[in-house]
$ cat start36.tsv   # TSV, C-alpha atoms and all ligand atoms
chain	number	residue	atom	x	y	z
A	1	MET	CA	0.00	0.00	0.00
A	2	THR	CA	1.33	3.46	-0.91
A	3	MET	CA	1.86	5.85	1.96
A	4	GLU	CA	-0.39	8.91	1.73
A	5	ILE	CA	1.50	12.13	2.56
A	6	ILE	CA	-0.63	15.09	3.63
A	7	LEU	CA	0.99	18.53	3.84
A	8	ALA	CA	-0.83	20.89	6.22
A	9	ARG	CA	-2.30	23.93	4.45
A	10	THR	CA	-0.97	26.25	7.17
A	11	SER	CA	2.56	24.79	7.03
A	12	GLY	CA	5.55	27.14	6.88
A	13	PHE	CA	6.09	30.89	6.90
A	14	CYS	CA	3.30	33.16	8.08
A	15	MET	CA	2.62	36.29	6.02
A	16	GLY	CA	4.80	38.50	8.27
A	17	VAL	CA	7.84	36.21	8.12
A	18	LYS	CA	7.47	35.57	4.38
A	19	ARG	CA	7.35	39.30	3.79
A	20	ALA	CA	10.37	40.02	6.04
A	21	MET	CA	12.48	37.32	4.32
A	22	GLN	CA	11.59	38.69	0.89
A	23	ILE	CA	12.35	42.27	1.92
A	24	ALA	CA	15.73	41.23	3.38
A	25	ILE	CA	16.77	39.26	0.28
A	26	ASN	CA	15.59	41.98	-2.14
A	27	THR	CA	17.48	44.62	-0.14
A	28	ALA	CA	20.71	42.59	-0.22
A	29	GLU	CA	20.33	41.92	-3.97
A	30	ASN	CA	19.94	45.63	-4.69
A	31	SER	CA	22.61	46.95	-2.35
A	32	ASP	CA	26.36	47.27	-2.76
A	33	GLN	CA	26.73	47.83	1.01
A	34	PRO	CA	26.42	45.15	3.73
A	35	VAL	CA	22.89	44.32	4.94
A	36	TYR	CA	22.12	43.26	8.52
A	37	THR	CA	19.21	42.25	10.70
A	38	CYS	CA	19.25	43.08	14.43
A	39	GLY	CA	19.35	39.55	15.80
A	40	PRO	CA	18.33	36.56	13.62
A	41	LEU	CA	15.41	37.38	11.30
A	42	ILE	CA	13.75	34.11	12.34
A	43	HIS	CA	14.55	31.22	14.69
A	44	ASN	CA	15.66	28.69	12.11
A	45	PRO	CA	19.37	27.91	11.56
A	46	GLN	CA	18.88	26.81	7.94
A	47	ALA	CA	16.94	29.98	7.11
A	48	VAL	CA	19.60	32.11	8.79
A	49	ALA	CA	22.29	30.30	6.75
A	50	TYR	CA	20.20	30.84	3.60
A	51	LEU	CA	20.00	34.57	4.35
A	52	GLN	CA	23.77	34.72	4.91
A	53	GLU	CA	24.34	33.07	1.53
A	54	HIS	CA	22.15	35.83	0.05
A	55	GLY	CA	24.14	38.60	1.73
A	56	VAL	CA	22.07	39.22	4.88
A	57	ASP	CA	24.03	38.94	8.15
A	58	SER	CA	22.76	39.22	11.68
A	59	VAL	CA	24.17	41.52	14.39
A	60	SER	CA	23.05	41.64	18.01
A	61	ASP	CA	23.40	45.44	18.21
A	62	TRP	CA	23.04	47.81	15.23
A	63	GLN	CA	25.27	50.36	17.01
A	64	THR	CA	28.28	48.13	16.24
A	65	VAL	CA	27.65	48.53	12.48
A	66	ALA	CA	29.90	51.07	10.72
A	67	ALA	CA	28.23	51.08	7.29
A	68	GLY	CA	25.34	49.44	5.47
A	69	THR	CA	21.62	48.85	5.88
A	70	ILE	CA	19.67	47.56	8.88
A	71	ILE	CA	16.51	45.50	8.32
A	72	ILE	CA	13.88	45.89	11.05
A	73	ARG	CA	12.60	42.40	11.91
A	74	ALA	CA	8.96	41.29	11.68
A	75	HIS	CA	8.23	41.90	15.37
A	76	GLY	CA	9.48	45.48	15.19
A	77	MET	CA	11.88	47.65	17.18
A	78	PRO	CA	11.43	50.29	19.88
A	79	ASN	CA	9.78	53.56	18.84
A	80	GLY	CA	12.32	56.03	17.41
A	81	SER	CA	14.82	53.31	16.39
A	82	ILE	CA	14.54	54.13	12.69
A	83	ASP	CA	15.53	57.78	13.28
A	84	LYS	CA	18.39	56.74	15.56
A	85	ILE	CA	19.74	54.26	13.00
A	86	ARG	CA	19.50	56.85	10.20
A	87	GLY	CA	21.17	59.38	12.52
A	88	GLN	CA	24.20	57.11	12.60
A	89	GLY	CA	24.44	57.29	8.81
A	90	LEU	CA	23.04	53.79	8.18
A	91	GLY	CA	20.23	52.80	5.81
A	92	VAL	CA	17.02	51.32	7.24
A	93	VAL	CA	14.43	49.03	5.68
A	94	ASP	CA	11.39	48.38	7.83
A	95	ALA	CA	10.09	44.78	7.64
A	96	THR	CA	7.87	45.07	10.72
A	97	CYS	CA	4.81	42.83	10.25
A	98	PRO	CA	1.69	44.91	9.44
A	99	HIS	CA	-0.13	43.25	12.39
A	100	VAL	CA	2.55	44.48	14.77
A	101	VAL	CA	2.40	47.97	13.22
A	102	THR	CA	-1.36	48.04	13.91
A	103	SER	CA	-0.71	47.21	17.58
A	104	GLN	CA	1.97	49.89	17.84
A	105	ARG	CA	-0.45	52.50	16.42
A	106	GLN	CA	-3.30	51.44	18.71
A	107	ILE	CA	-1.09	51.70	21.77
A	108	LYS	CA	0.18	55.13	20.76
A	109	LYS	CA	-3.34	56.42	20.04
A	110	TYR	CA	-4.97	55.28	23.29
A	111	SER	CA	-1.99	56.19	25.42
A	112	GLU	CA	-2.06	59.74	24.01
A	113	GLN	CA	-5.80	59.91	24.76
A	114	GLY	CA	-5.06	59.28	28.44
A	115	TYR	CA	-5.98	55.59	28.63
A	116	PHE	CA	-3.84	53.46	30.96
A	117	VAL	CA	-2.53	50.74	28.62
A	118	TYR	CA	-2.16	47.11	29.72
A	119	ILE	CA	0.13	45.17	27.38
A	120	ILE	CA	-0.20	41.40	27.80
A	121	GLY	CA	2.78	39.28	26.71
A	122	ASP	CA	6.19	37.76	27.34
A	123	PRO	CA	8.45	40.44	28.90
A	124	ARG	CA	11.54	38.97	27.17
A	125	HIS	CA	10.07	39.08	23.67
A	126	PRO	CA	11.35	41.81	21.31
A	127	GLU	CA	7.80	42.55	20.15
A	128	ILE	CA	6.87	43.49	23.72
A	129	LEU	CA	9.87	45.82	24.05
A	130	SER	CA	8.73	47.46	20.85
A	131	LEU	CA	5.04	47.73	21.89
A	132	GLN	CA	5.90	49.18	25.30
A	133	SER	CA	7.92	51.96	23.72
A	134	PHE	CA	4.82	53.24	21.87
A	135	ALA	CA	3.00	53.92	25.14
A	136	GLN	CA	3.62	56.90	27.35
A	137	GLU	CA	4.38	56.44	31.08
A	138	ASN	CA	0.77	55.33	31.61
A	139	HIS	CA	1.18	51.62	30.82
A	140	ARG	CA	1.99	48.28	32.43
A	141	LEU	CA	3.16	44.93	31.13
A	142	ILE	CA	1.28	41.85	32.34
A	143	ALA	CA	2.79	38.40	31.68
A	144	ASP	CA	-0.07	36.16	32.85
A	145	TYR	CA	-3.38	35.84	34.70
A	146	ALA	CA	-1.70	35.65	38.13
A	147	GLU	CA	-0.19	39.10	37.56
A	148	ALA	CA	-3.49	40.50	36.30
A	149	GLU	CA	-5.23	39.36	39.51
A	150	LYS	CA	-3.02	41.72	41.54
A	151	GLU	CA	-4.07	44.77	39.48
A	152	GLN	CA	-6.39	47.57	40.59
A	153	PRO	CA	-6.81	49.37	37.25
A	154	PRO	CA	-7.59	53.09	36.94
A	155	ALA	CA	-10.98	54.12	35.51
A	156	LYS	CA	-10.02	54.29	31.83
A	157	ILE	CA	-7.97	51.42	30.42
A	158	MET	CA	-6.96	49.84	27.12
A	159	ILE	CA	-5.92	46.17	26.97
A	160	ILE	CA	-3.83	44.71	24.14
A	161	ALA	CA	-1.81	41.51	23.65
A	162	GLN	CA	1.39	40.41	21.95
A	163	THR	CA	0.33	39.19	18.48
A	164	THR	CA	1.29	35.57	19.28
A	165	TYR	CA	-0.22	35.43	22.80
A	166	ASN	CA	-2.58	32.57	23.72
A	167	ALA	CA	-6.11	33.78	22.85
A	168	ASP	CA	-7.93	31.99	25.72
A	169	GLU	CA	-5.52	33.33	28.34
A	170	PHE	CA	-5.81	36.85	26.90
A	171	ASN	CA	-9.63	36.75	27.02
A	172	LYS	CA	-9.54	35.71	30.68
A	173	ILE	CA	-7.10	38.50	31.57
A	174	ALA	CA	-9.00	41.12	29.53
A	175	GLN	CA	-12.35	40.23	31.16
A	176	LEU	CA	-10.82	40.38	34.63
A	177	LEU	CA	-9.27	43.84	34.08
A	178	LYS	CA	-12.43	45.08	32.35
A	179	SER	CA	-14.57	44.03	35.33
A	180	ARG	CA	-12.41	46.23	37.58
A	181	ALA	CA	-12.38	49.37	35.40
A	182	GLN	CA	-15.14	51.84	34.48
A	183	ASN	CA	-14.18	52.19	30.85
A	184	ALA	CA	-12.19	49.44	29.12
A	185	VAL	CA	-11.22	49.13	25.47
A	186	ILE	CA	-10.06	45.64	24.45
A	187	SER	CA	-7.94	45.52	21.31
A	188	ASP	CA	-8.16	42.39	19.18
A	189	SER	CA	-4.46	42.13	18.35
A	190	ILE	CA	-3.82	38.37	18.38
A	191	CYS	CA	-2.69	37.11	14.99
A	192	GLN	CA	-4.64	34.11	13.72
A	193	ALA	CA	-1.63	32.55	11.95
A	194	THR	CA	-0.44	30.63	15.03
A	195	SER	CA	-3.84	29.45	16.24
A	196	GLU	CA	-4.91	28.32	12.74
A	197	ARG	CA	-1.72	26.28	12.36
A	198	GLN	CA	-2.31	24.63	15.75
A	199	LYS	CA	-5.97	23.92	15.01
A	200	GLU	CA	-5.08	22.26	11.72
A	201	ILE	CA	-2.38	19.99	13.18
A	202	LYS	CA	-4.84	18.92	15.91
A	203	ARG	CA	-7.36	17.91	13.28
A	204	LEU	CA	-4.83	16.15	11.02
A	205	ALA	CA	-2.75	14.40	13.73
A	206	ALA	CA	-5.83	12.76	15.22
A	207	ASP	CA	-6.19	10.54	12.09
A	208	ALA	CA	-2.51	10.12	11.23
A	209	ASP	CA	-0.25	7.07	11.67
A	210	ALA	CA	2.77	9.37	11.88
A	211	VAL	CA	3.48	13.11	11.87
A	212	VAL	CA	6.61	14.99	10.82
A	213	ILE	CA	7.03	18.56	12.07
A	214	VAL	CA	9.76	20.50	10.29
A	215	GLY	CA	11.49	23.45	11.93
A	216	GLY	CA	14.14	24.85	14.27
A	217	LYS	CA	14.60	23.09	17.62
A	218	ALA	CA	14.86	26.59	19.17
A	219	SER	CA	11.66	27.81	17.53
A	220	ALA	CA	8.95	28.08	20.20
A	221	ASN	CA	6.05	27.84	17.75
A	222	THR	CA	7.54	24.74	16.02
A	223	CYS	CA	8.15	22.95	19.36
A	224	ARG	CA	4.55	23.74	20.39
A	225	LEU	CA	3.29	22.31	17.09
A	226	ALA	CA	5.25	19.07	17.69
A	227	GLU	CA	3.90	18.85	21.27
A	228	ILE	CA	0.30	19.19	20.08
A	229	ALA	CA	0.82	16.56	17.37
A	230	ARG	CA	2.59	14.13	19.74
A	231	ALA	CA	-0.28	14.26	22.22
A	232	LEU	CA	-2.60	12.95	19.46
A	233	CYS	CA	-0.14	10.84	17.48
A	234	PRO	CA	2.78	9.41	19.52
A	235	ARG	CA	4.73	8.66	16.33
A	236	THR	CA	5.58	12.35	15.84
A	237	PHE	CA	9.04	13.45	14.73
A	238	HIS	CA	10.33	17.02	15.06
A	239	VAL	CA	13.24	17.50	12.64
A	240	GLU	CA	15.21	20.43	11.29
A	241	THR	CA	16.15	18.64	8.08
A	242	GLU	CA	15.48	15.31	6.30
A	243	ALA	CA	18.88	14.04	7.54
A	244	GLU	CA	17.29	13.37	10.96
A	245	LEU	CA	14.66	10.99	9.55
A	246	ASN	CA	15.03	7.17	9.60
A	247	ARG	CA	13.34	4.94	7.05
A	248	ASP	CA	12.56	2.30	9.69
A	249	ASP	CA	10.45	4.74	11.72
A	250	PHE	CA	7.84	4.79	8.95
A	251	ALA	CA	7.29	1.05	8.55
A	252	GLY	CA	3.56	0.27	8.29
A	253	VAL	CA	2.54	3.97	8.05
A	254	ASN	CA	-0.39	4.55	5.67
A	255	ARG	CA	-1.30	8.13	6.47
A	256	LEU	CA	1.52	10.59	7.16
A	257	VAL	CA	1.01	14.26	8.01
A	258	VAL	CA	3.67	16.93	7.51
A	259	SER	CA	3.58	20.46	8.88
A	260	ALA	CA	6.19	23.15	9.54
A	261	GLY	CA	6.65	26.05	11.94
A	262	ALA	CA	6.17	29.71	11.02
A	263	SER	CA	9.93	30.12	10.65
A	264	THR	CA	10.58	27.10	8.39
A	265	PRO	CA	11.40	27.91	4.75
A	266	ASP	CA	9.47	25.92	2.13
A	267	PHE	CA	12.65	24.59	0.53
A	268	ILE	CA	13.48	22.66	3.72
A	269	THR	CA	9.97	21.20	3.99
A	270	SER	CA	10.14	20.22	0.29
A	271	LYS	CA	13.36	18.27	0.89
A	272	VAL	CA	11.71	16.44	3.80
A	273	ILE	CA	8.72	15.58	1.60
A	274	ASP	CA	11.00	14.33	-1.20
A	275	PHE	CA	12.70	12.02	1.30
A	276	LEU	CA	9.35	10.74	2.61
A	277	LYS	CA	8.10	10.15	-0.95
A	278	SER	CA	11.20	8.02	-1.60
A	279	LEU	CA	10.22	5.59	1.19
B	1	LIG	S1	2.77	35.43	13.46
B	1	LIG	FE1	1.29	36.94	12.71
B	1	LIG	S2	1.94	38.86	13.68
B	1	LIG	FE2	3.68	37.45	13.85
B	1	LIG	S3	4.92	37.89	12.03
B	1	LIG	FE3	3.52	36.22	11.50
B	1	LIG	S4	1.75	37.24	10.52
B	1	LIG	FE4	2.88	38.79	11.68
$ encode --input "start36.tsv" --output "structure tokens"
Amino acid sequence: MTMEIILARTSGFCMGVKRAMQIAINTAENSDQPVYTCGPLIHNPQAVAYLQEHGVDSVSDWQTVAAGTIIIRAHGMPNGSIDKIRGQGLGVVDATCPHVVTSQRQIKKYSEQGYFVYIIGDPRHPEILSLQSFAQENHRLIADYAEAEKEQPPAKIMIIAQTTYNADEFNKIAQLLKSRAQNAVISDSICQATSERQKEIKRLAADADAVVIVGGKASANTCRLAEIARALCPRTFHVETEAELNRDDFAGVNRLVVSAGASTPDFITSKVIDFLKSL
């Protein structure tokens, strides 16, 4: 019996990452100066290597760059960074995801109107550092429900989440803060790309004999995808490339599902599929 290979529709780059990769590569192709991103553009070693081959390097601090162009990553940079980078004589190309730009604008608008802004998200994430910088003094970062429970909000508040925050957790936090304030505006900032990918793997893994998740071992969203799949289909393999796959692991498999994290380039997933087809 031939093994059926099903590739998840939501597999691979989300719109924001696809766009940032394209912008970075186009910039490098059209520039005779070095091109850098501040930190890796995405959490995938093969994609980072691919970018390097195409002339895009990564630096941890743009202030160490003497000449060239800085690409702003999909999750944005602190307010005013573009002017500061230009002020140092460097070029800037902004690849901030449009969803993140919307959040930045919302925060700025409500903060200027005197709303106390609650930003819900992971304090270590660069997107949060960026979002916070668009609020005036009147804001607070909340990491989880336990922190929200300690809050006594002022009368007029605005509540907004990191674009990749868990939607159920955010709704709980937002309702709690709203119940304690007189006037609360809740901003719907959570991007559907992550939740749609997770929903699809749940549906597909439930009927699969085996699942292969392709993507960086350091990529949080890829690891989460593998965890969800493994809970429904124990024969789940999380690999960065096809070299990690063993033929013997697929003996007796009729229905095989493949998906990839938001930071996995299609060319890597295609190589994995070619290997699986050869079985
Ligand atoms: S996950 Fe959503 S918000 Fe984040 S970069 Fe991708 S499209 Fe943009």
$ closest_residue --input "start36.tsv" --among "A:Ala167, A:Leu176, A:Ala47, A:Val211" --to "A:Ile190" --atoms "only C-alpha atoms"
A:Ala167
$ axis_aligned_box --input "start36.tsv" --around "ligand LIG 1 (chain B)" --padding-each-side "5 Å" --output "lines of an AutoDock Vina configuration file"
center_x = 3.1
center_y = 37.1
center_z = 12.2
size_x = 13.6
size_y = 13.4
size_z = 13.3
$ residues_near_ligand --input "start36.tsv" --ligand "ligand LIG 1 (chain B)" --cutoff "9 Å" --atoms "all atoms listed in the file" --output "MDAnalysis selection string"
chainID A and resid 13:20 73:75 96:100 162:164 189:194 262:263
$ residues_around --input "start36.tsv" --residues "A:Asp207" --least-positions-apart "6" --cutoff "10 Å" --atoms "only C-alpha atoms" --output "CSV table (one decimal) with C-alpha atoms, in the frame of the given file"
chain,number,residue,atom,x,y,z
A,232,LEU,CA,-2.6,13.0,19.5
A,233,CYS,CA,-0.1,10.8,17.5
A,255,ARG,CA,-1.3,8.1,6.5
A,256,LEU,CA,1.5,10.6,7.2
A,257,VAL,CA,1.0,14.3,8.0
$ residues_around --input "start36.tsv" --residues "A:Asn79" --least-positions-apart "3" --cutoff "8 Å" --atoms "all atoms listed in the file" --output "list of chain:residue names"
A:Ile82, A:Ser130, A:Ser133, A:Phe134
$ closest_residue --input "start36.tsv" --among "A:His139, A:Lys108, A:Lys202, A:Arg247" --to "A:Arg230" --atoms "all atoms listed in the file"
A:Lys202
$ residues_near_point --input "start36.tsv" --point "(13.2, 5.4, 11.5)" --cutoff "12 Å" --atoms "all atoms listed in the file" --output "ChimeraX atom specification"
/A:210,212,235-237,242-253,276,279
$ write_last_selection --input "start36.tsv" --atoms "C-alpha atoms" --output "short mmCIF file (atom, residue, chain, number, x, y, z; two decimals), keeping the file's coordinate frame"
data_model
loop_
_atom_site.label_atom_id
_atom_site.label_comp_id
_atom_site.auth_asym_id
_atom_site.auth_seq_id
_atom_site.Cartn_x
_atom_site.Cartn_y
_atom_site.Cartn_z
CA ALA A 210 2.77 9.37 11.88
CA VAL A 212 6.61 14.99 10.82
CA ARG A 235 4.73 8.66 16.33
CA THR A 236 5.58 12.35 15.84
CA PHE A 237 9.04 13.45 14.73
CA GLU A 242 15.48 15.31 6.30
CA ALA A 243 18.88 14.04 7.54
CA GLU A 244 17.29 13.37 10.96
CA LEU A 245 14.66 10.99 9.55
CA ASN A 246 15.03 7.17 9.60
CA ARG A 247 13.34 4.94 7.05
CA ASP A 248 12.56 2.30 9.69
CA ASP A 249 10.45 4.74 11.72
CA PHE A 250 7.84 4.79 8.95
CA ALA A 251 7.29 1.05 8.55
CA GLY A 252 3.56 0.27 8.29
CA VAL A 253 2.54 3.97 8.05
CA LEU A 276 9.35 10.74 2.61
CA LEU A 279 10.22 5.59 1.19
#
$ atom_distance --input "start36.tsv" --atom1 "atom CA of A:Met21" --atom2 "atom CA of A:Lys271"
19.4 Å
$ closest_residue --input "start36.tsv" --among "A:Ser81, A:Glu127, A:Gly121, A:Tyr165" --to "A:Glu147" --atoms "all atoms listed in the file"
A:Gly121
$ residues_around --input "start36.tsv" --residues "A:Gln33" --least-positions-apart "5" --cutoff "10 Å" --atoms "all atoms listed in the file" --output "ChimeraX atom specification"
/A:27-28,55,67-69,91
$ atom_distance --input "start36.tsv" --atom1 "atom CA of A:Thr37" --atom2 "atom CA of A:Ala260"
23.1 Å
$ closest_residue --input "start36.tsv" --among "A:Leu177, A:Ile70, A:Ala146, A:Ile157" --to "A:Asp94" --atoms "only C-alpha atoms"
A:Ile70
$ decode --input "start36.tsv" --residues "stretch 130-141 of chain A" --atoms "all heavy atoms" --output "CSV table (one decimal), in the first residue's frame"
chain,number,residue,atom,x,y,z
A,130,SER,N,9.1,46.5,21.8
A,130,SER,CA,8.7,47.5,20.8
A,130,SER,C,7.4,48.1,21.2
A,130,SER,O,7.2,49.3,21.3
A,130,SER,CB,8.7,46.8,19.5
A,130,SER,OG,7.9,47.5,18.6
A,131,LEU,N,6.4,47.2,21.6
A,131,LEU,CA,5.0,47.7,21.9
A,131,LEU,C,5.1,48.7,23.1
A,131,LEU,O,4.5,49.8,23.0
A,131,LEU,CB,4.1,46.6,22.2
A,131,LEU,CG,3.8,45.6,21.1
A,131,LEU,CD1,2.8,44.6,21.5
A,131,LEU,CD2,3.2,46.3,19.8
A,132,GLN,N,5.8,48.3,24.1
A,132,GLN,CA,5.9,49.2,25.3
A,132,GLN,C,6.4,50.6,25.0
A,132,GLN,O,5.9,51.6,25.6
A,132,GLN,CB,6.9,48.6,26.3
A,132,GLN,CG,6.3,47.6,27.2
A,132,GLN,CD,7.2,47.1,28.3
A,132,GLN,OE1,8.2,46.5,28.0
A,132,GLN,NE2,7.0,47.5,29.5
A,133,SER,N,7.3,50.7,24.0
A,133,SER,CA,7.9,52.0,23.7
A,133,SER,C,6.9,52.9,23.0
A,133,SER,O,7.2,54.1,22.9
A,133,SER,CB,9.2,51.8,22.9
A,133,SER,OG,8.8,51.3,21.6
A,134,PHE,N,5.8,52.4,22.5
A,134,PHE,CA,4.8,53.2,21.9
A,134,PHE,C,3.8,53.8,22.9
A,134,PHE,O,3.0,54.6,22.5
A,134,PHE,CB,4.1,52.5,20.7
A,134,PHE,CG,5.0,52.4,19.5
A,134,PHE,CD1,5.9,51.4,19.4
A,134,PHE,CD2,4.8,53.3,18.5
A,134,PHE,CE1,6.8,51.3,18.3
A,134,PHE,CE2,5.7,53.2,17.4
A,134,PHE,CZ,6.6,52.2,17.3
A,135,ALA,N,3.9,53.4,24.1
A,135,ALA,CA,3.0,53.9,25.1
A,135,ALA,C,3.7,55.0,25.9
A,135,ALA,O,5.0,55.0,25.9
A,135,ALA,CB,2.6,52.8,26.1
A,136,GLN,N,3.0,55.9,26.5
A,136,GLN,CA,3.6,56.9,27.3
A,136,GLN,C,3.8,56.2,28.7
A,136,GLN,O,3.7,55.0,28.8
A,136,GLN,CB,2.7,58.1,27.4
A,136,GLN,CG,2.5,58.7,26.1
A,136,GLN,CD,1.7,60.0,26.0
A,136,GLN,OE1,1.0,60.3,27.0
A,136,GLN,NE2,1.7,60.7,24.9
A,137,GLU,N,4.1,57.0,29.7
A,137,GLU,CA,4.4,56.4,31.1
A,137,GLU,C,3.2,55.6,31.6
A,137,GLU,O,3.4,54.6,32.3
A,137,GLU,CB,4.6,57.6,32.1
A,137,GLU,CG,5.9,58.3,31.9
A,137,GLU,CD,7.1,57.5,32.3
A,137,GLU,OE1,7.2,57.1,33.5
A,137,GLU,OE2,7.9,57.1,31.4
A,138,ASN,N,2.0,56.0,31.1
A,138,ASN,CA,0.8,55.3,31.6
A,138,ASN,C,0.5,53.9,31.0
A,138,ASN,O,-0.5,53.7,30.3
A,138,ASN,CB,-0.4,56.2,31.3
A,138,ASN,CG,-0.5,56.6,29.8
A,138,ASN,OD1,0.4,56.3,29.1
A,138,ASN,ND2,-1.7,57.1,29.4
A,139,HIS,N,1.4,53.0,31.3
A,139,HIS,CA,1.2,51.6,30.8
A,139,HIS,C,1.8,50.6,31.8
A,139,HIS,O,2.7,51.0,32.6
A,139,HIS,CB,1.8,51.4,29.4
A,139,HIS,CG,3.2,51.3,29.4
A,139,HIS,ND1,4.1,52.4,29.4
A,139,HIS,CD2,4.0,50.2,29.4
A,139,HIS,CE1,5.3,52.0,29.4
A,139,HIS,NE2,5.3,50.6,29.4
A,140,ARG,N,1.4,49.4,31.7
A,140,ARG,CA,2.0,48.3,32.4
A,140,ARG,C,2.0,47.0,31.6
A,140,ARG,O,1.0,46.7,30.9
A,140,ARG,CB,1.2,48.1,33.7
A,140,ARG,CG,1.9,47.0,34.7
A,140,ARG,CD,1.5,47.2,36.1
A,140,ARG,NE,1.8,48.5,36.6
A,140,ARG,CZ,1.0,49.2,37.4
A,140,ARG,NH1,-0.2,48.6,37.8
A,140,ARG,NH2,1.3,50.4,37.8
A,141,LEU,N,3.1,46.2,31.8
A,141,LEU,CA,3.2,44.9,31.1
A,141,LEU,C,2.7,43.8,32.1
A,141,LEU,O,3.0,43.8,33.2
A,141,LEU,CB,4.6,44.7,30.8
A,141,LEU,CG,5.0,43.4,30.2
A,141,LEU,CD1,4.2,43.2,28.8
A,141,LEU,CD2,6.4,43.2,30.0
